[in-house]
Amino acid sequence: MAVCYHLLLVASAWLEIQYVDGLQLRHADAVIRRSSAGQGAIPALSSSYELDLQKKLPYRTLGHPDLLQAIANFPNQLFGEGSMYPSTVDAQRLFHGRGGLYEGANHLTLDFYPPVFLLTSFEELKDDELDAYSVALGNVWKSLMATRCVESNNIDESDATTNNQETPFTWVHQCRAEKGNSTTRLMTGTIPDSHIVTESNGKDKYYVHLLKGQNHGLFLDMSEGRKWLQRKCAEPEINTVLNLFAYTCAFSVAALNGGAETVVNVDMSRGALKTGQRNHDLNKLTGNDGKGTAKFLSHDLFKSWGKIKRLGPYDVVVADPPSYQKGSFVASKDYIKVIRRLPSLLRPYGYALLCLNAPELTTEFLLEQVNEGVPNDELCFVERLDNPLAFASAFPEKALKVLVFQYKPMNHVSEEDDR
């Protein structure tokens, strides 16, 4: 009996078996941890637990430890010691494995579109791994419900027990293992009929859709670009904005909520623009109450320059094109066509916000396109905006690039220069 017990201890040093809320998890070369409750006890999972795992563990069985740790840390980010309870929880990225900062996690991202978690994988995940993430997310949801109730896009000081029934734990898994295709599954819970999320501490509201397509109505990595535009539109001399490749018009909402008088949104997709109009209605941006107005043009951009120019000139032009959309736009050859039009669209000393999300094209590419497309250095580089901290990357040139330029035409003297 003693020999058997000794062999059991030796074996345990190689393979530890842990239980988390009834889910059996195995990993190799783990440090043995014993429950103070005694042999065979099942310890409860808390939001502050630490994952003491070695690099050799089979991620596809247990779940990636860095992702599990990010999930466990989420309540602390919202309700950390000494921090204020937020009145609104904005949509946000919780884990960005694509940035290359976490070994073995390049295929994983996790977003929170309150009240729904969205796990995106660029490789197939085994059921055991999905179970591990489900358990971790479920425990975090219980923690949120016990502290404050996440109701659509708000954390309300209301009865958590009652609202917990109204706001079930919900998460979605989208697998993009096959290039160009995706499989989306509602793993548990219920998606709100009208799924509304917020940005800028609840100031800006947007409709999102998580169960169809790979784009969900709001690009979370572009939040710093929208913040820049909103701040810029608060300046008295910035009144008109042109939003090219507008998609669901999030830039337009940010601009008008910031103080812009007019925004012209251009996109080929009628469906996307229709959602954009709904976003404006949601934010009460209908031209009433002293707020600005928006126009929505469902046009082929390259056949509509005349009409777009007549609606200008503009104080800011935003261009956030797809990196590659067969038949409509390929950044490597079409971006310069947009850049060449900027002098005819911008007011003197107006701004251009040029965005590039093609990992194979660098900042230098965009700078060279501007130098070629607008001669005499009339479109001057100002800065590259930082991406949100949640999207930190070990390879910044492969990440989203958002560049600010200012139009300074030759032979034009501004009041500022005259002084």
# chains A, B, ... in the order shown; residues from 1 in each chain; ligands from 1

$ residues_around --residues "region 351-360 of chain A" --least-positions-apart "4" --cutoff "7 Å" --atoms "only C-alpha atoms" --output "ChimeraX atom specification"
/A:315-320,323,397-407

$ closest_atom_pairs --of "region 265-372 of chain A" --to "region 210-216 of chain A" --cutoff "12 Å" --atoms "only C-alpha atoms" --output "CSV"
residue,atom,partner,partner_atom,distance
A:Ala272,CA,A:Asn215,CA,10.6
A:Thr275,CA,A:His216,CA,11.2
A:Pro322,CA,A:Asn215,CA,11.3

$ write_last_selection --atoms "C-alpha atoms" --output "PDB file, in the first residue's frame"
ATOM      1  CA  ALA A 272     -23.926  49.292 -43.475  1.00  0.00           C
ATOM      2  CA  THR A 275     -27.050  50.658 -39.570  1.00  0.00           C
ATOM      3  CA  PRO A 322     -10.541  47.831 -46.223  1.00  0.00           C
TER       4      PRO A 322
END

$ closest_residue --among "A:Ser304, A:Asn239, A:Thr198, A:Thr188" --to "Trp171 (chain A)" --atoms "only C-alpha atoms"
A:Thr188

$ residues_around --residues "Lys205 (chain A)" --least-positions-apart "2" --cutoff "10 Å" --atoms "only C-alpha atoms" --output "list in words"
Asp90, Ala91, Asn153, Ile196, Val197, Thr198, Glu199, Ser200, Asn201, Gly202, Lys203, Tyr207, Val208, Ala250, Val253, Ala254, Asn279, His280, Asp281, Leu282 and Asn283 of chain A

$ write_last_selection --atoms "all heavy atoms" --output "compact mmCIF listing (two decimals), in the first residue's frame"
# COMPACT_ATOMS: atom_id res chain seq x y z
N ASP A 90 -17.89 50.09 -21.32
CA ASP A 90 -17.78 50.20 -22.77
C ASP A 90 -17.36 48.87 -23.39
O ASP A 90 -16.73 48.03 -22.74
CB ASP A 90 -16.74 51.26 -23.13
CG ASP A 90 -17.21 52.69 -22.86
OD1 ASP A 90 -18.43 52.91 -22.84
OD2 ASP A 90 -16.34 53.57 -22.68
N ALA A 91 -17.66 48.72 -24.66
CA ALA A 91 -17.14 47.58 -25.42
C ALA A 91 -15.62 47.65 -25.43
O ALA A 91 -15.04 48.73 -25.57
CB ALA A 91 -17.70 47.60 -26.84
N ASN A 153 -25.69 47.72 -21.91
CA ASN A 153 -24.44 48.46 -21.93
C ASN A 153 -24.23 49.24 -20.64
O ASN A 153 -23.45 50.17 -20.59
CB ASN A 153 -24.40 49.43 -23.12
CG ASN A 153 -25.57 50.40 -23.10
OD1 ASN A 153 -26.46 50.28 -22.28
ND2 ASN A 153 -25.57 51.33 -24.02
N ILE A 196 -26.83 46.86 -28.08
CA ILE A 196 -26.24 48.20 -28.06
C ILE A 196 -25.05 48.21 -27.12
O ILE A 196 -25.12 47.71 -25.99
CB ILE A 196 -27.27 49.25 -27.58
CG1 ILE A 196 -28.47 49.28 -28.53
CG2 ILE A 196 -26.64 50.63 -27.47
CD1 ILE A 196 -29.64 50.08 -28.00
N VAL A 197 -23.94 48.75 -27.61
CA VAL A 197 -22.75 48.91 -26.78
C VAL A 197 -22.34 50.38 -26.81
O VAL A 197 -22.84 51.17 -27.61
CB VAL A 197 -21.59 48.02 -27.25
CG1 VAL A 197 -21.98 46.55 -27.16
CG2 VAL A 197 -21.15 48.38 -28.66
N THR A 198 -21.41 50.73 -25.93
CA THR A 198 -21.01 52.13 -25.82
C THR A 198 -19.50 52.29 -25.95
O THR A 198 -18.73 51.33 -25.86
CB THR A 198 -21.44 52.72 -24.47
OG1 THR A 198 -20.76 52.02 -23.41
CG2 THR A 198 -22.94 52.63 -24.27
N GLU A 199 -19.11 53.54 -26.12
CA GLU A 199 -17.71 53.95 -26.14
C GLU A 199 -17.63 55.33 -25.50
O GLU A 199 -18.64 56.00 -25.32
CB GLU A 199 -17.20 53.98 -27.59
CG GLU A 199 -15.69 53.95 -27.72
CD GLU A 199 -15.27 53.72 -29.16
OE1 GLU A 199 -15.52 54.61 -30.00
OE2 GLU A 199 -14.70 52.65 -29.44
N SER A 200 -16.43 55.75 -25.12
CA SER A 200 -16.22 57.06 -24.49
C SER A 200 -17.03 57.18 -23.21
O SER A 200 -17.76 58.15 -23.00
CB SER A 200 -16.57 58.21 -25.45
OG SER A 200 -15.75 58.16 -26.61
N ASN A 201 -16.92 56.14 -22.35
CA ASN A 201 -17.63 56.11 -21.08
C ASN A 201 -19.14 56.30 -21.25
O ASN A 201 -19.79 57.01 -20.49
CB ASN A 201 -17.07 57.19 -20.14
CG ASN A 201 -15.63 56.92 -19.75
OD1 ASN A 201 -15.26 55.77 -19.48
ND2 ASN A 201 -14.82 57.96 -19.74
N GLY A 202 -19.67 55.67 -22.25
CA GLY A 202 -21.11 55.67 -22.46
C GLY A 202 -21.63 56.79 -23.32
O GLY A 202 -22.83 56.84 -23.62
N LYS A 203 -20.76 57.71 -23.75
CA LYS A 203 -21.22 58.87 -24.52
C LYS A 203 -21.71 58.48 -25.90
O LYS A 203 -22.71 59.02 -26.40
CB LYS A 203 -20.09 59.90 -24.62
CG LYS A 203 -20.47 61.17 -25.36
CD LYS A 203 -19.31 62.17 -25.36
CE LYS A 203 -19.69 63.46 -26.06
NZ LYS A 203 -18.57 64.43 -26.05
N TYR A 207 -25.00 50.07 -32.41
CA TYR A 207 -25.58 48.73 -32.58
C TYR A 207 -24.47 47.78 -33.07
O TYR A 207 -23.67 48.14 -33.93
CB TYR A 207 -26.70 48.74 -33.61
CG TYR A 207 -27.97 49.40 -33.14
CD1 TYR A 207 -28.31 50.68 -33.55
CD2 TYR A 207 -28.84 48.73 -32.28
CE1 TYR A 207 -29.49 51.28 -33.12
CE2 TYR A 207 -30.02 49.32 -31.84
CZ TYR A 207 -30.33 50.61 -32.27
OH TYR A 207 -31.49 51.20 -31.83
N VAL A 208 -24.45 46.58 -32.51
CA VAL A 208 -23.51 45.56 -32.97
C VAL A 208 -24.26 44.27 -33.23
O VAL A 208 -25.39 44.07 -32.76
CB VAL A 208 -22.38 45.31 -31.93
CG1 VAL A 208 -21.51 46.55 -31.77
CG2 VAL A 208 -22.94 44.86 -30.58
N ALA A 250 -19.40 54.97 -37.36
CA ALA A 250 -18.96 55.24 -36.00
C ALA A 250 -18.17 56.54 -35.91
O ALA A 250 -18.30 57.30 -34.94
CB ALA A 250 -18.13 54.08 -35.47
N VAL A 253 -20.67 59.41 -35.72
CA VAL A 253 -21.26 59.56 -34.38
C VAL A 253 -20.29 60.27 -33.45
O VAL A 253 -20.66 61.21 -32.72
CB VAL A 253 -21.66 58.19 -33.81
CG1 VAL A 253 -22.02 58.30 -32.33
CG2 VAL A 253 -22.83 57.60 -34.59
N ALA A 254 -19.02 59.86 -33.49
CA ALA A 254 -18.01 60.48 -32.64
C ALA A 254 -17.84 61.95 -32.98
O ALA A 254 -17.73 62.81 -32.08
CB ALA A 254 -16.68 59.75 -32.78
N ASN A 279 -27.55 54.16 -35.89
CA ASN A 279 -26.64 54.64 -34.85
C ASN A 279 -26.84 56.12 -34.57
O ASN A 279 -26.76 56.55 -33.42
CB ASN A 279 -25.18 54.39 -35.28
CG ASN A 279 -24.76 52.94 -35.09
OD1 ASN A 279 -25.29 52.21 -34.25
ND2 ASN A 279 -23.79 52.50 -35.88
N HIS A 280 -27.10 56.89 -35.60
CA HIS A 280 -27.35 58.32 -35.40
C HIS A 280 -28.67 58.55 -34.66
O HIS A 280 -28.75 59.40 -33.78
CB HIS A 280 -27.34 59.06 -36.74
CG HIS A 280 -25.96 59.26 -37.29
ND1 HIS A 280 -25.21 58.23 -37.80
CD2 HIS A 280 -25.18 60.38 -37.39
CE1 HIS A 280 -24.04 58.70 -38.21
NE2 HIS A 280 -23.99 59.99 -37.96
N ASP A 281 -29.68 57.79 -35.02
CA ASP A 281 -30.96 57.90 -34.30
C ASP A 281 -30.77 57.51 -32.84
O ASP A 281 -31.34 58.15 -31.94
CB ASP A 281 -32.00 56.98 -34.95
CG ASP A 281 -32.40 57.45 -36.35
OD1 ASP A 281 -32.17 58.64 -36.67
OD2 ASP A 281 -32.92 56.62 -37.12
N LEU A 282 -29.99 56.46 -32.61
CA LEU A 282 -29.73 55.99 -31.25
C LEU A 282 -29.08 57.08 -30.40
O LEU A 282 -29.37 57.22 -29.21
CB LEU A 282 -28.84 54.76 -31.31
CG LEU A 282 -28.44 54.09 -29.99
CD1 LEU A 282 -29.66 53.50 -29.29
CD2 LEU A 282 -27.42 52.97 -30.26
N ASN A 283 -28.21 57.88 -31.03
CA ASN A 283 -27.51 58.95 -30.32
C ASN A 283 -28.24 60.29 -30.42
O ASN A 283 -27.69 61.32 -30.02
CB ASN A 283 -26.10 59.09 -30.88
CG ASN A 283 -25.19 57.96 -30.45
OD1 ASN A 283 -24.53 58.03 -29.42
ND2 ASN A 283 -25.14 56.89 -31.25

$ residues_around --residues "Pro396 (chain A)" --least-positions-apart "6" --cutoff "10 Å" --atoms "only C-alpha atoms" --output "JSON, numbers by chain"
{"A": [99, 359, 362, 363, 386, 387]}

$ write_last_selection --atoms "N, CA, C and O atoms" --output "PDB file, in the first residue's frame"
ATOM      1  N   GLY A  99      -1.371  40.022 -31.056  1.00  0.00           N
ATOM      2  CA  GLY A  99      -0.270  40.972 -30.990  1.00  0.00           C
ATOM      3  C   GLY A  99       1.090  40.339 -30.796  1.00  0.00           C
ATOM      4  O   GLY A  99       2.114  41.037 -30.837  1.00  0.00           O
ATOM      5  N   PRO A 359      -1.469  44.228 -42.638  1.00  0.00           N
ATOM      6  CA  PRO A 359      -0.228  43.892 -41.934  1.00  0.00           C
ATOM      7  C   PRO A 359       0.997  43.888 -42.832  1.00  0.00           C
ATOM      8  O   PRO A 359       2.115  44.102 -42.365  1.00  0.00           O
ATOM      9  N   THR A 362       3.391  48.935 -44.416  1.00  0.00           N
ATOM     10  CA  THR A 362       3.912  49.638 -43.247  1.00  0.00           C
ATOM     11  C   THR A 362       3.524  51.111 -43.245  1.00  0.00           C
ATOM     12  O   THR A 362       2.952  51.636 -44.214  1.00  0.00           O
ATOM     13  N   THR A 363       3.902  51.783 -42.172  1.00  0.00           N
ATOM     14  CA  THR A 363       3.724  53.235 -42.085  1.00  0.00           C
ATOM     15  C   THR A 363       4.455  53.923 -43.228  1.00  0.00           C
ATOM     16  O   THR A 363       3.955  54.892 -43.816  1.00  0.00           O
ATOM     17  N   ASP A 386      -1.464  56.325 -31.239  1.00  0.00           N
ATOM     18  CA  ASP A 386      -1.259  55.052 -30.553  1.00  0.00           C
ATOM     19  C   ASP A 386      -2.523  54.211 -30.654  1.00  0.00           C
ATOM     20  O   ASP A 386      -3.643  54.738 -30.572  1.00  0.00           O
ATOM     21  N   ASN A 387      -2.352  52.922 -30.819  1.00  0.00           N
ATOM     22  CA  ASN A 387      -3.497  52.024 -30.743  1.00  0.00           C
ATOM     23  C   ASN A 387      -3.900  51.847 -29.286  1.00  0.00           C
ATOM     24  O   ASN A 387      -3.101  52.105 -28.370  1.00  0.00           O
TER      25      ASN A 387
END

$ atom_distance --atom1 "CA of Thr248 (chain A)" --atom2 "CA of Gly217 (chain A)"
6.2 Å

$ atom_distance --atom1 "CA of Ser143 (chain A)" --atom2 "CA of Ala70 (chain A)"
14.4 Å

$ atom_distance --atom1 "CA of Arg347 (chain A)" --atom2 "CA of Asp377 (chain A)"
15.8 Å

$ select_by_dssp --residues "region 257-345 of chain A" --states "alpha helix (DSSP H)" --output "VMD selection string"
chain A and resid 257 to 258 270 to 282 305 to 310 331 to 345

$ select_by_dssp --residues "region 179-301 of chain A" --states "strand (DSSP E or B)" --output "PyMOL selection string"
chain A and resi 183-188+196-199+204-207+240-244+262-266+293-297

$ write_last_selection --atoms "N, CA and C atoms" --output "PDB file, in the first residue's frame"
ATOM      1  N   THR A 183     -17.009  30.291 -38.723  1.00  0.00           N
ATOM      2  CA  THR A 183     -18.115  29.565 -38.112  1.00  0.00           C
ATOM      3  C   THR A 183     -18.395  30.211 -36.765  1.00  0.00           C
ATOM      4  N   THR A 184     -19.622  30.642 -36.563  1.00  0.00           N
ATOM      5  CA  THR A 184     -19.979  31.362 -35.341  1.00  0.00           C
ATOM      6  C   THR A 184     -21.017  30.561 -34.567  1.00  0.00           C
ATOM      7  N   ARG A 185     -20.752  30.373 -33.262  1.00  0.00           N
ATOM      8  CA  ARG A 185     -21.674  29.602 -32.412  1.00  0.00           C
ATOM      9  C   ARG A 185     -22.018  30.390 -31.160  1.00  0.00           C
ATOM     10  N   LEU A 186     -23.292  30.426 -30.844  1.00  0.00           N
ATOM     11  CA  LEU A 186     -23.732  30.931 -29.541  1.00  0.00           C
ATOM     12  C   LEU A 186     -23.545  29.790 -28.553  1.00  0.00           C
ATOM     13  N   MET A 187     -22.548  29.908 -27.677  1.00  0.00           N
ATOM     14  CA  MET A 187     -22.187  28.803 -26.797  1.00  0.00           C
ATOM     15  C   MET A 187     -23.162  28.651 -25.635  1.00  0.00           C
ATOM     16  N   THR A 188     -23.605  29.764 -25.109  1.00  0.00           N
ATOM     17  CA  THR A 188     -24.606  29.738 -24.034  1.00  0.00           C
ATOM     18  C   THR A 188     -25.203  31.121 -23.897  1.00  0.00           C
ATOM     19  N   ILE A 196     -26.832  46.861 -28.076  1.00  0.00           N
ATOM     20  CA  ILE A 196     -26.244  48.199 -28.056  1.00  0.00           C
ATOM     21  C   ILE A 196     -25.050  48.206 -27.125  1.00  0.00           C
ATOM     22  N   VAL A 197     -23.943  48.749 -27.611  1.00  0.00           N
ATOM     23  CA  VAL A 197     -22.751  48.914 -26.777  1.00  0.00           C
ATOM     24  C   VAL A 197     -22.335  50.378 -26.807  1.00  0.00           C
ATOM     25  N   THR A 198     -21.409  50.727 -25.927  1.00  0.00           N
ATOM     26  CA  THR A 198     -21.008  52.125 -25.819  1.00  0.00           C
ATOM     27  C   THR A 198     -19.497  52.285 -25.951  1.00  0.00           C
ATOM     28  N   GLU A 199     -19.105  53.541 -26.117  1.00  0.00           N
ATOM     29  CA  GLU A 199     -17.711  53.949 -26.139  1.00  0.00           C
ATOM     30  C   GLU A 199     -17.632  55.332 -25.501  1.00  0.00           C
ATOM     31  N   ASP A 204     -20.983  57.591 -26.547  1.00  0.00           N
ATOM     32  CA  ASP A 204     -21.308  57.189 -27.912  1.00  0.00           C
ATOM     33  C   ASP A 204     -21.890  55.777 -27.899  1.00  0.00           C
ATOM     34  N   LYS A 205     -23.016  55.600 -28.582  1.00  0.00           N
ATOM     35  CA  LYS A 205     -23.706  54.316 -28.581  1.00  0.00           C
ATOM     36  C   LYS A 205     -23.767  53.740 -29.992  1.00  0.00           C
ATOM     37  N   TYR A 206     -23.659  52.404 -30.057  1.00  0.00           N
ATOM     38  CA  TYR A 206     -23.622  51.738 -31.356  1.00  0.00           C
ATOM     39  C   TYR A 206     -24.361  50.407 -31.296  1.00  0.00           C
ATOM     40  N   TYR A 207     -25.004  50.067 -32.415  1.00  0.00           N
ATOM     41  CA  TYR A 207     -25.575  48.732 -32.584  1.00  0.00           C
ATOM     42  C   TYR A 207     -24.475  47.784 -33.068  1.00  0.00           C
ATOM     43  N   THR A 240     -16.855  70.631 -40.411  1.00  0.00           N
ATOM     44  CA  THR A 240     -17.337  69.696 -41.430  1.00  0.00           C
ATOM     45  C   THR A 240     -16.375  68.522 -41.565  1.00  0.00           C
ATOM     46  N   VAL A 241     -16.939  67.331 -41.682  1.00  0.00           N
ATOM     47  CA  VAL A 241     -16.150  66.099 -41.743  1.00  0.00           C
ATOM     48  C   VAL A 241     -16.635  65.249 -42.906  1.00  0.00           C
ATOM     49  N   LEU A 242     -15.690  64.693 -43.656  1.00  0.00           N
ATOM     50  CA  LEU A 242     -15.992  63.713 -44.692  1.00  0.00           C
ATOM     51  C   LEU A 242     -15.506  62.359 -44.205  1.00  0.00           C
ATOM     52  N   ASN A 243     -16.406  61.389 -44.149  1.00  0.00           N
ATOM     53  CA  ASN A 243     -16.105  60.054 -43.632  1.00  0.00           C
ATOM     54  C   ASN A 243     -16.171  59.057 -44.777  1.00  0.00           C
ATOM     55  N   LEU A 244     -14.994  58.715 -45.326  1.00  0.00           N
ATOM     56  CA  LEU A 244     -14.921  57.786 -46.462  1.00  0.00           C
ATOM     57  C   LEU A 244     -14.800  56.352 -45.964  1.00  0.00           C
ATOM     58  N   THR A 262     -21.547  69.183 -39.580  1.00  0.00           N
ATOM     59  CA  THR A 262     -21.984  68.332 -40.690  1.00  0.00           C
ATOM     60  C   THR A 262     -20.978  67.224 -40.922  1.00  0.00           C
ATOM     61  N   VAL A 263     -21.486  66.016 -41.145  1.00  0.00           N
ATOM     62  CA  VAL A 263     -20.643  64.888 -41.530  1.00  0.00           C
ATOM     63  C   VAL A 263     -21.265  64.237 -42.759  1.00  0.00           C
ATOM     64  N   VAL A 264     -20.437  64.023 -43.785  1.00  0.00           N
ATOM     65  CA  VAL A 264     -20.867  63.313 -44.993  1.00  0.00           C
ATOM     66  C   VAL A 264     -20.266  61.920 -44.948  1.00  0.00           C
ATOM     67  N   ASN A 265     -21.116  60.899 -44.928  1.00  0.00           N
ATOM     68  CA  ASN A 265     -20.688  59.498 -44.854  1.00  0.00           C
ATOM     69  C   ASN A 265     -20.845  58.846 -46.219  1.00  0.00           C
ATOM     70  N   VAL A 266     -19.761  58.224 -46.701  1.00  0.00           N
ATOM     71  CA  VAL A 266     -19.780  57.587 -48.010  1.00  0.00           C
ATOM     72  C   VAL A 266     -19.366  56.131 -47.874  1.00  0.00           C
ATOM     73  N   THR A 293     -25.769  67.619 -38.322  1.00  0.00           N
ATOM     74  CA  THR A 293     -26.508  66.731 -39.204  1.00  0.00           C
ATOM     75  C   THR A 293     -25.543  65.824 -39.969  1.00  0.00           C
ATOM     76  N   ALA A 294     -26.063  64.698 -40.415  1.00  0.00           N
ATOM     77  CA  ALA A 294     -25.265  63.738 -41.172  1.00  0.00           C
ATOM     78  C   ALA A 294     -25.939  63.449 -42.501  1.00  0.00           C
ATOM     79  N   LYS A 295     -25.115  63.221 -43.517  1.00  0.00           N
ATOM     80  CA  LYS A 295     -25.589  62.787 -44.831  1.00  0.00           C
ATOM     81  C   LYS A 295     -25.030  61.387 -45.080  1.00  0.00           C
ATOM     82  N   PHE A 296     -25.800  60.574 -45.811  1.00  0.00           N
ATOM     83  CA  PHE A 296     -25.411  59.186 -46.052  1.00  0.00           C
ATOM     84  C   PHE A 296     -25.476  58.920 -47.555  1.00  0.00           C
ATOM     85  N   LEU A 297     -24.322  58.688 -48.164  1.00  0.00           N
ATOM     86  CA  LEU A 297     -24.235  58.485 -49.603  1.00  0.00           C
ATOM     87  C   LEU A 297     -23.785  57.062 -49.899  1.00  0.00           C
TER      88      LEU A 297
END

$ closest_residue --among "A:Arg226, A:His64, A:Lys291, A:His195" --to "Phe251 (chain A)" --atoms "only C-alpha atoms"
A:Arg226

$ residues_around --residues "Glu372 (chain A)" --least-positions-apart "3" --cutoff "12 Å" --atoms "only C-alpha atoms" --output "PDB file with C-alpha atoms, in the first residue's frame"
ATOM      1  CA  TYR A 335      -5.083  54.187 -51.664  1.00  0.00           C
ATOM      2  CA  ILE A 336      -3.107  56.690 -53.736  1.00  0.00           C
ATOM      3  CA  LYS A 337      -6.278  57.444 -55.738  1.00  0.00           C
ATOM      4  CA  VAL A 338      -7.897  58.674 -52.530  1.00  0.00           C
ATOM      5  CA  ILE A 339      -4.819  60.597 -51.418  1.00  0.00           C
ATOM      6  CA  ARG A 340      -4.604  62.498 -54.717  1.00  0.00           C
ATOM      7  CA  PHE A 365       4.163  52.816 -47.404  1.00  0.00           C
ATOM      8  CA  LEU A 366       1.476  55.328 -46.440  1.00  0.00           C
ATOM      9  CA  LEU A 367       3.994  58.156 -46.055  1.00  0.00           C
ATOM     10  CA  GLU A 368       5.398  57.394 -49.506  1.00  0.00           C
ATOM     11  CA  GLN A 369       1.892  57.331 -50.992  1.00  0.00           C
ATOM     12  CA  PRO A 375       3.394  67.077 -54.267  1.00  0.00           C
ATOM     13  CA  ASN A 376       5.358  69.929 -52.690  1.00  0.00           C
ATOM     14  CA  ASP A 377       4.916  68.548 -49.158  1.00  0.00           C
ATOM     15  CA  GLU A 378       1.484  70.174 -48.938  1.00  0.00           C
ATOM     16  CA  LEU A 379       0.070  67.293 -46.885  1.00  0.00           C
TER      17      LEU A 379
END
